[in-house]
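For reference, run_19.cif is printed below; it contains mmCIF, C-alpha atoms and all ligand atoms.
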data_entry
#
loop_
_atom_site.label_atom_id
_atom_site.label_comp_id
_atom_site.auth_asym_id
_atom_site.auth_seq_id
_atom_site.Cartn_x
_atom_site.Cartn_y
_atom_site.Cartn_z
CA MET A 1 0.00 0.00 0.00
CA GLU A 2 1.25 3.51 -0.78
CA THR A 3 2.26 5.81 2.11
CA LYS A 4 -0.65 8.09 1.16
CA ASN A 5 -3.17 5.28 1.71
CA LEU A 6 -1.55 4.21 4.98
CA ILE A 7 -1.71 7.78 6.26
CA LEU A 8 -5.32 8.15 5.13
CA SER A 9 -6.13 5.01 7.06
CA GLU A 10 -4.50 6.43 10.20
CA PHE A 11 -6.36 9.71 9.73
CA GLU A 12 -9.73 7.99 9.20
CA LYS A 13 -9.18 6.12 12.45
CA ASN A 14 -8.25 9.34 14.27
CA ARG A 15 -10.44 12.14 12.95
CA ASN A 16 -10.12 15.56 14.54
CA THR A 17 -7.06 14.47 16.49
CA LEU A 18 -3.61 16.04 16.48
CA ILE A 19 -1.08 13.51 15.15
CA SER A 20 2.59 14.39 14.88
CA GLY A 21 4.46 13.86 11.62
CA GLN A 22 7.12 11.97 13.53
CA SER A 23 4.64 9.49 15.04
CA LEU A 24 3.20 8.84 11.56
CA ALA A 25 6.72 8.34 10.18
CA ASP A 26 7.64 5.96 13.03
CA LYS A 27 4.43 3.99 12.81
CA LEU A 28 4.64 3.53 9.06
CA GLY A 29 8.42 3.14 8.90
CA VAL A 30 8.88 5.98 6.42
CA SER A 31 10.76 9.32 6.45
CA ARG A 32 9.25 12.61 7.67
CA ASN A 33 9.63 13.83 4.10
CA ALA A 34 7.56 10.93 2.80
CA VAL A 35 4.84 11.78 5.33
CA TRP A 36 4.87 15.42 4.25
CA LYS A 37 4.60 14.47 0.56
CA ALA A 38 1.75 12.05 1.24
CA ILE A 39 -0.14 14.67 3.24
CA ASN A 40 0.21 17.15 0.38
CA ALA A 41 -1.09 14.52 -2.02
CA LEU A 42 -4.12 13.94 0.25
CA LYS A 43 -4.74 17.69 0.35
CA ASN A 44 -4.61 17.72 -3.45
CA ASP A 45 -7.24 14.98 -3.43
CA GLY A 46 -9.50 17.38 -1.55
CA TYR A 47 -8.98 16.34 2.09
CA ASN A 48 -8.99 19.07 4.73
CA ILE A 49 -5.89 18.56 6.81
CA GLN A 50 -4.82 21.25 9.23
CA CYS A 51 -1.06 21.67 9.77
CA VAL A 52 -0.36 22.78 13.33
CA LYS A 53 3.05 24.41 13.51
CA ASN A 54 5.67 22.27 15.25
CA SER A 55 2.97 19.86 16.45
CA GLY A 56 1.51 17.85 13.60
CA TYR A 57 -1.64 17.39 11.57
CA ILE A 58 -5.38 17.32 12.20
CA PHE A 59 -7.61 15.42 9.78
CA GLU A 60 -10.73 17.54 10.02
CA ASN A 61 -14.06 16.09 10.94
CA ASN A 62 -15.79 17.58 7.90
CA ASN A 63 -13.88 15.34 5.46
CA ASP A 64 -16.46 13.39 3.48
CA ILE A 65 -14.71 11.64 0.64
CA ILE A 66 -15.50 8.02 -0.12
CA SER A 67 -12.43 5.81 0.15
CA LYS A 68 -11.49 2.23 0.83
CA GLU A 69 -9.61 3.36 3.96
CA GLY A 70 -12.64 5.27 5.27
CA LEU A 71 -15.05 2.42 4.56
CA LEU A 72 -12.84 -0.12 6.28
CA GLN A 73 -13.28 1.73 9.58
CA TYR A 74 -16.94 0.78 9.59
CA LEU A 75 -17.31 -2.43 7.58
CA LYS A 76 -17.39 -5.62 9.61
CA HIS A 77 -17.73 -8.03 6.69
CA SER A 78 -14.81 -8.71 4.44
CA VAL A 79 -15.62 -7.13 1.10
CA GLN A 80 -13.47 -6.11 -1.85
CA ILE A 81 -13.80 -2.37 -2.40
CA PHE A 82 -13.54 -0.56 -5.74
CA THR A 83 -13.91 3.22 -5.92
CA TYR A 84 -14.19 5.34 -9.07
CA LYS A 85 -14.59 9.00 -9.92
CA GLU A 86 -16.88 8.19 -12.84
CA LEU A 87 -18.52 5.07 -14.23
CA ASP A 88 -21.36 4.45 -16.64
CA SER A 89 -23.15 2.53 -13.91
CA THR A 90 -21.91 0.72 -10.79
CA ASN A 91 -24.29 -2.15 -11.62
CA ASN A 92 -22.74 -2.38 -15.11
CA GLU A 93 -19.27 -2.42 -13.57
CA ALA A 94 -20.42 -5.17 -11.21
CA LYS A 95 -21.49 -7.25 -14.21
CA ARG A 96 -18.16 -6.65 -15.94
CA LYS A 97 -16.31 -7.75 -12.82
CA ILE A 98 -18.49 -10.83 -12.48
CA ALA A 99 -17.77 -11.70 -16.13
CA ASN A 100 -14.07 -11.41 -15.20
CA GLU A 101 -14.47 -14.06 -12.50
CA LEU A 102 -15.22 -11.95 -9.42
CA LYS A 103 -15.11 -14.49 -6.59
CA ASN A 104 -15.61 -12.31 -3.50
CA ASP A 105 -18.30 -10.03 -2.22
CA ALA A 106 -17.58 -6.54 -3.48
CA ILE A 107 -18.62 -2.93 -3.17
CA ILE A 108 -18.34 -0.76 -6.28
CA ILE A 109 -18.75 2.96 -5.71
CA SER A 110 -18.67 5.82 -8.15
CA GLN A 111 -18.74 9.56 -7.47
CA THR A 112 -20.87 10.06 -10.58
CA GLN A 113 -22.55 7.83 -13.15
CA THR A 114 -22.96 8.74 -16.80
CA ASN A 115 -25.61 6.07 -17.35
CA GLY A 116 -27.06 5.39 -13.91
CA ARG A 117 -29.82 2.84 -14.39
CA GLY A 118 -33.16 2.64 -12.63
CA ARG A 119 -35.91 0.03 -12.71
CA LEU A 120 -37.97 -0.52 -15.86
CA GLY A 121 -35.17 0.83 -18.08
CA ARG A 122 -35.28 4.30 -16.55
CA GLU A 123 -32.29 6.53 -15.97
CA PHE A 124 -31.09 7.37 -12.45
CA TYR A 125 -29.80 10.93 -12.23
CA SER A 126 -26.30 10.67 -10.72
CA PRO A 127 -24.40 13.96 -10.13
CA ASP A 128 -21.47 13.95 -7.70
CA SER A 129 -23.60 15.21 -4.81
CA GLY A 130 -25.16 11.79 -4.31
CA VAL A 131 -24.05 8.30 -3.32
CA TYR A 132 -24.10 5.51 -5.92
CA TYR A 133 -22.93 2.07 -5.08
CA THR A 134 -23.40 -1.59 -5.82
CA LEU A 135 -22.99 -4.44 -3.38
CA VAL A 136 -22.22 -7.76 -5.04
CA LEU A 137 -22.93 -10.86 -2.97
CA SER A 138 -20.96 -13.69 -4.52
CA THR A 139 -21.99 -16.66 -2.39
CA PRO A 140 -24.38 -18.85 -4.41
CA LYS A 141 -27.93 -18.61 -3.13
CA GLU A 142 -31.17 -20.36 -3.89
CA ILE A 143 -33.62 -18.23 -5.85
CA LYS A 144 -36.21 -18.56 -3.06
CA ASP A 145 -33.74 -16.92 -0.65
CA CYS A 146 -33.29 -13.93 -2.95
CA VAL A 147 -36.93 -13.03 -3.41
CA PHE A 148 -36.97 -10.85 -0.33
CA ILE A 149 -33.81 -8.88 -1.19
CA THR A 150 -35.60 -5.99 -2.88
CA THR A 151 -37.81 -5.17 0.09
CA ALA A 152 -35.08 -6.00 2.63
CA THR A 153 -32.69 -3.58 0.93
CA ALA A 154 -35.32 -0.85 1.05
CA CYS A 155 -35.50 -1.42 4.83
CA ALA A 156 -31.71 -1.44 5.13
CA VAL A 157 -31.47 1.94 3.38
CA SER A 158 -34.47 3.47 5.14
CA MET A 159 -33.22 2.46 8.61
CA VAL A 160 -29.91 4.24 8.10
CA LEU A 161 -31.42 7.34 6.46
CA GLU A 162 -33.99 7.84 9.21
CA LYS A 163 -31.30 7.43 11.87
CA PHE A 164 -29.38 10.37 10.44
CA CYS A 165 -32.10 12.75 9.27
CA ASP A 166 -34.68 14.51 11.39
CA GLU A 167 -37.65 13.69 9.21
CA ASP A 168 -39.91 10.75 8.39
CA VAL A 169 -38.59 8.49 5.70
CA LYS A 170 -41.14 6.34 3.86
CA ILE A 171 -40.90 3.35 1.55
CA LYS A 172 -42.94 3.32 -1.64
CA TRP A 173 -43.55 -0.26 -2.73
CA VAL A 174 -41.44 -1.92 -3.94
CA ASN A 175 -38.23 -0.21 -3.03
CA ASP A 176 -38.16 3.53 -3.49
CA ILE A 177 -37.36 5.66 -0.47
CA TYR A 178 -39.30 8.88 -0.06
CA LEU A 179 -38.98 11.99 2.04
CA ASN A 180 -41.88 14.46 2.07
CA GLU A 181 -43.52 12.55 -0.79
CA LYS A 182 -40.47 12.96 -3.06
CA LYS A 183 -38.03 10.22 -3.96
CA VAL A 184 -34.61 10.32 -2.28
CA SER A 185 -33.30 6.87 -3.08
CA GLY A 186 -33.79 4.08 -5.59
CA ILE A 187 -32.65 0.49 -5.58
CA LEU A 188 -31.98 -1.75 -8.58
CA THR A 189 -31.41 -5.41 -7.74
CA GLU A 190 -30.23 -7.79 -10.43
CA ALA A 191 -29.09 -11.40 -10.35
CA VAL A 192 -26.69 -13.56 -12.27
CA THR A 193 -27.85 -17.15 -12.34
CA ASP A 194 -25.85 -20.26 -12.95
CA PHE A 195 -27.65 -22.26 -15.59
CA GLU A 196 -26.33 -25.64 -14.43
CA SER A 197 -26.96 -25.34 -10.71
CA GLY A 198 -30.09 -23.21 -11.04
CA MET A 199 -28.67 -21.02 -8.25
CA VAL A 200 -28.12 -17.29 -8.13
CA SER A 201 -24.32 -17.04 -8.36
CA HIS A 202 -24.15 -13.28 -7.77
CA LEU A 203 -26.67 -10.83 -6.41
CA ILE A 204 -26.16 -7.28 -7.64
CA ILE A 205 -27.71 -4.70 -5.32
CA GLY A 206 -27.44 -1.16 -6.71
CA ILE A 207 -28.32 1.73 -4.43
CA GLY A 208 -28.54 5.40 -5.36
CA ILE A 209 -29.18 8.11 -2.74
CA ASN A 210 -29.65 11.82 -3.45
CA THR A 211 -27.78 12.75 -0.27
CA ASN A 212 -26.80 16.33 -1.03
CA THR A 213 -28.41 16.77 -4.43
CA GLU A 214 -30.37 20.02 -4.43
CA ILE A 215 -30.82 20.80 -8.08
CA PHE A 216 -32.65 18.34 -10.31
CA PRO A 217 -33.42 18.52 -14.02
CA ASP A 218 -36.90 19.82 -14.90
CA GLU A 219 -38.41 16.37 -15.37
CA LEU A 220 -37.37 15.35 -11.82
CA LYS A 221 -37.67 18.50 -9.76
CA ASP A 222 -41.26 17.82 -8.66
CA ILE A 223 -40.72 14.16 -7.84
CA ALA A 224 -37.19 13.92 -6.44
CA THR A 225 -35.40 15.56 -3.55
CA GLY A 226 -32.17 15.36 -1.57
CA ILE A 227 -31.80 14.07 1.96
CA PRO A 228 -29.09 16.00 3.80
CA LEU A 229 -27.77 13.76 6.56
CA LYS A 230 -26.28 14.90 9.84
CA GLY A 231 -23.51 13.18 11.77
CA ILE A 232 -22.65 10.57 9.18
CA THR A 233 -20.05 10.43 6.42
CA LYS A 234 -20.67 8.79 3.05
CA ASN A 235 -18.26 6.02 4.05
CA GLN A 236 -20.27 5.33 7.19
CA LEU A 237 -23.56 5.50 5.27
CA ILE A 238 -22.43 2.88 2.76
CA ALA A 239 -20.95 0.65 5.46
CA GLU A 240 -24.06 0.78 7.67
CA ILE A 241 -26.43 -0.01 4.80
CA THR A 242 -24.17 -2.87 3.73
CA GLU A 243 -24.03 -4.31 7.23
CA ASN A 244 -27.84 -4.07 7.47
CA ILE A 245 -28.18 -6.02 4.22
CA TYR A 246 -25.83 -8.71 5.53
CA SER A 247 -27.77 -8.99 8.75
CA PHE A 248 -30.99 -9.67 6.80
CA PHE A 249 -29.26 -12.48 4.92
CA GLU A 250 -27.74 -13.91 8.06
CA SER A 251 -31.00 -13.81 10.00
CA ASP A 252 -32.88 -17.11 10.43
CA LYS A 253 -36.14 -15.26 10.07
CA LYS A 254 -35.88 -13.96 6.52
CA ASP A 255 -39.14 -12.03 6.73
CA GLY A 256 -38.27 -10.45 10.10
CA TYR A 257 -38.08 -7.02 8.50
CA ILE A 258 -41.65 -7.00 7.15
CA ASP A 259 -43.15 -5.26 10.19
CA TYR A 260 -40.63 -2.46 9.81
CA TYR A 261 -41.34 -2.31 6.06
CA LYS A 262 -45.08 -2.00 6.72
CA SER A 263 -44.61 0.64 9.39
CA ARG A 264 -42.74 2.87 6.94
CA SER A 265 -44.99 2.18 3.95
CA LEU A 266 -46.07 5.18 1.92
CA VAL A 267 -48.80 3.19 0.18
CA LEU A 268 -50.70 1.11 2.76
CA GLY A 269 -54.26 2.34 3.17
CA LYS A 270 -53.97 4.47 0.04
CA GLU A 271 -55.69 4.36 -3.33
CA ILE A 272 -53.22 3.25 -5.95
CA PHE A 273 -53.20 2.47 -9.63
CA TYR A 274 -51.08 0.20 -11.75
CA PHE A 275 -50.94 -0.95 -15.35
CA GLU A 276 -51.28 -4.53 -16.53
CA ASN A 277 -51.16 -5.29 -20.26
CA SER A 278 -51.46 -1.53 -20.87
CA GLN A 279 -54.70 -1.46 -18.90
CA LYS A 280 -55.09 0.86 -15.94
CA HIS A 281 -56.24 -0.79 -12.68
CA GLU A 282 -57.33 1.07 -9.55
CA ALA A 283 -57.25 -0.48 -6.10
CA LEU A 284 -56.74 0.06 -2.38
CA ALA A 285 -53.37 -1.07 -0.95
CA ILE A 286 -54.22 -3.10 2.15
CA ASP A 287 -51.20 -5.16 3.21
CA ILE A 288 -47.69 -6.40 2.48
CA ASP A 289 -47.32 -10.19 2.61
CA SER A 290 -44.34 -12.09 4.06
CA SER A 291 -42.48 -12.11 0.71
CA GLY A 292 -42.96 -8.39 0.21
CA GLY A 293 -45.94 -8.73 -2.17
CA LEU A 294 -48.46 -5.88 -2.15
CA VAL A 295 -51.94 -7.08 -1.19
CA ILE A 296 -54.64 -4.95 -2.82
CA ASN A 297 -58.40 -4.76 -2.87
CA GLU A 298 -59.52 -4.21 -6.43
CA ASN A 299 -63.27 -3.73 -6.55
CA GLY A 300 -63.77 -6.25 -3.74
CA LEU A 301 -61.31 -8.77 -5.18
CA ILE A 302 -58.20 -9.37 -3.04
CA LYS A 303 -55.05 -9.74 -5.16
CA THR A 304 -51.31 -9.73 -4.50
CA LEU A 305 -48.88 -7.88 -6.73
CA ALA A 306 -45.51 -9.62 -6.62
CA SER A 307 -43.54 -6.98 -8.48
CA GLY A 308 -43.99 -4.05 -10.81
CA GLU A 309 -44.72 -0.41 -10.42
CA ILE A 310 -47.65 1.30 -8.74
CA SER A 311 -48.60 4.95 -8.49
CA LEU A 312 -50.48 6.70 -5.76
CA ARG A 313 -53.85 8.15 -6.74
CA LEU A 314 -53.91 11.82 -5.97
CA LYS A 315 -57.19 12.90 -4.42
C1 LIG B 401 -34.78 3.21 -9.45
O1 LIG B 401 -34.97 4.30 -8.93
O2 LIG B 401 -35.57 2.73 -10.26
C2 LIG B 401 -33.55 2.44 -9.07
C3 LIG B 401 -32.34 3.30 -9.09
C4 LIG B 401 -31.06 2.56 -8.74
C5 LIG B 401 -29.86 3.46 -8.89
C6 LIG B 401 -28.60 2.79 -8.43
S1 LIG B 401 -27.27 3.94 -8.36
C7 LIG B 401 -26.15 2.64 -8.13
C8 LIG B 401 -26.58 1.53 -9.06
N1 LIG B 401 -26.06 1.73 -10.38
C9 LIG B 401 -27.01 1.93 -11.29
O3 LIG B 401 -26.82 2.14 -12.50
N2 LIG B 401 -28.21 1.90 -10.69
C10 LIG B 401 -28.10 1.64 -9.28
#

Could you show the structure in this file as structure tokens?
Amino acid sequence: METKNLILSEFEKNRNTLISGQSLADKLGVSRNAVWKAINALKNDGYNIQCVKNSGYIFENNNDIISKEGLLQYLKHSVQIFTYKELDSTNNEAKRKIANELKNDAIIISQTQTNGRGRLGREFYSPDSGVYYTLVLSTPKEIKDCVFITTATACAVSMVLEKFCDEDVKIKWVNDIYLNEKKVSGILTEAVTDFESGMVSHLIIGIGINTNTEIFPDELKDIATGIPLKGITKNQLIAEITENIYSFFESDKKDGYIDYYKSRSLVLGKEIFYFENSQKHEALAIDIDSSGGLVINENGLIKTLASGEISLRLK
């Protein structure tokens, strides 16, 4: 590892703390000059590092740059980490890595996406004010164990967002996260299946969050908003969501999150509409079943929607 990365790791472990150049040099077994050069390189990367004359350096608390070193402070699971300034789409990069024999679980993060993808072939607006990442789970899983991942991921994201923002976060079935009736986060889950075993070889869980995005293009400005978070860095946000997703998979009770999901639902008890074979259907959303299906009452007939897209009927 380069001296710069080793120093970043020390800084991420000791934010807002005065560390002397000599102690960094001793700890890392490098010269004072190498420490100085590495610190300048980190400053050039955009980190705020205060130099205190004759005393040392303070890595300021307001640093919020996604890095492997920062993420590793919070991640408990062993995951390969890939960070980029720009990608077409972190889900696309996940697929490329899988095609190149990715064996481990991985996190792929990009500061911006030029072709961020949403569900149903839509685009996901991805300027550098947001967080865009894909978690790849590479342990083969049975398809039945993956069904719940879409709703479970929505819970994983919502739990972390509500912990660090002062307002009510809601989940719009299936997996959009809303704040004040505008979308703040979208999730795109994809799977790679192994034809011979019939198992899911890799689960691709793509998460986009409009953390600090304030300005949206015209077509989005009435339906999307940002969610400024307090007391959490982007590294911590990604790590906490990832750990939540792992805990759902590791739990014996795979549907244990459903009560939470229901309690944050934006749609339960509301009139909704959806399209089937280009035909518009209107119904009342009445429940979420144990696999995350939306139970609706359509003119007295009780039905369950397993997937798809619904809209809320405005009164
Ligand atoms: C949606 O709103 O329909 C889902 C949006 C999912 C966006 C995320 S951003 C990270 C990952 N990469 C993508 O291209 N899409 C997902």

I'd like the neighbourhood of Ile66 in chain A as a ChimeraX atom specification, where a residue qualifies if any of its atoms comes within 7 Å (using all atoms listed in the file), though same-chain residues fewer than 4 positions away should be ignored. /A:70,234-235

Please save C-alpha atoms of the selected residues as a short mmCIF file (atom, residue, chain, number, x, y, z; two decimals), in the coordinates of the input.
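Writing done, so here's again-v5.cif:
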data_model
loop_
_atom_site.label_atom_id
_atom_site.label_comp_id
_atom_site.auth_asym_id
_atom_site.auth_seq_id
_atom_site.Cartn_x
_atom_site.Cartn_y
_atom_site.Cartn_z
CA GLY A 70 -12.64 5.27 5.27
CA LYS A 234 -20.67 8.79 3.05
CA ASN A 235 -18.26 6.02 4.05
#

Inset, instruction - Excluding Trp36 in chain A and residues on its chain fewer than 3 positions from it, collect all residues at most 12 Å away from it, counting all atoms listed in the file, and give them as a PyMOL selection string. - result: chain A and resi 3-4+7+20-22+24-25+30-33+39-43+49+51+56-57

(request) Considering all atoms listed in the file, return as a list in words whatever protein or nucleic-acid residues lie within 9 Å of Ile241 in chain A, sequence-local ones (same chain, fewer than 5 positions apart) excluded. (result)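 Within the cut-off, the hits are Thr153, Ala156, Val157, Ser158, Met159, Val160, Gln236 and Tyr246 of chain A.
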
Box along x, y and z, 8 Å on every side, all listed atoms of ligand LIG 401 (chain B) inside: centre and edge lengths in Å to one decimal, as AutoDock Vina command-line options.
--center_x -30.8 --center_y 2.9 --center_z -10.3 --size_x 25.5 --size_y 18.8 --size_z 20.4

### Message
Taking all atoms listed in the file into account, list the residues no farther than 6 Å from ligand LIG 401 (chain B), as a list of chain:residue names.
### Response
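So the residues close to ligand LIG 401 (chain B) are A:Ser89, A:Thr90, A:Asn91, A:Gly116, A:Arg117, A:Gly118, A:Arg119, A:Phe124, A:Tyr132, A:Tyr133, A:Thr134, A:Gly186, A:Ile187, A:Leu188, A:Gly206, A:Ile207, A:Gly208.
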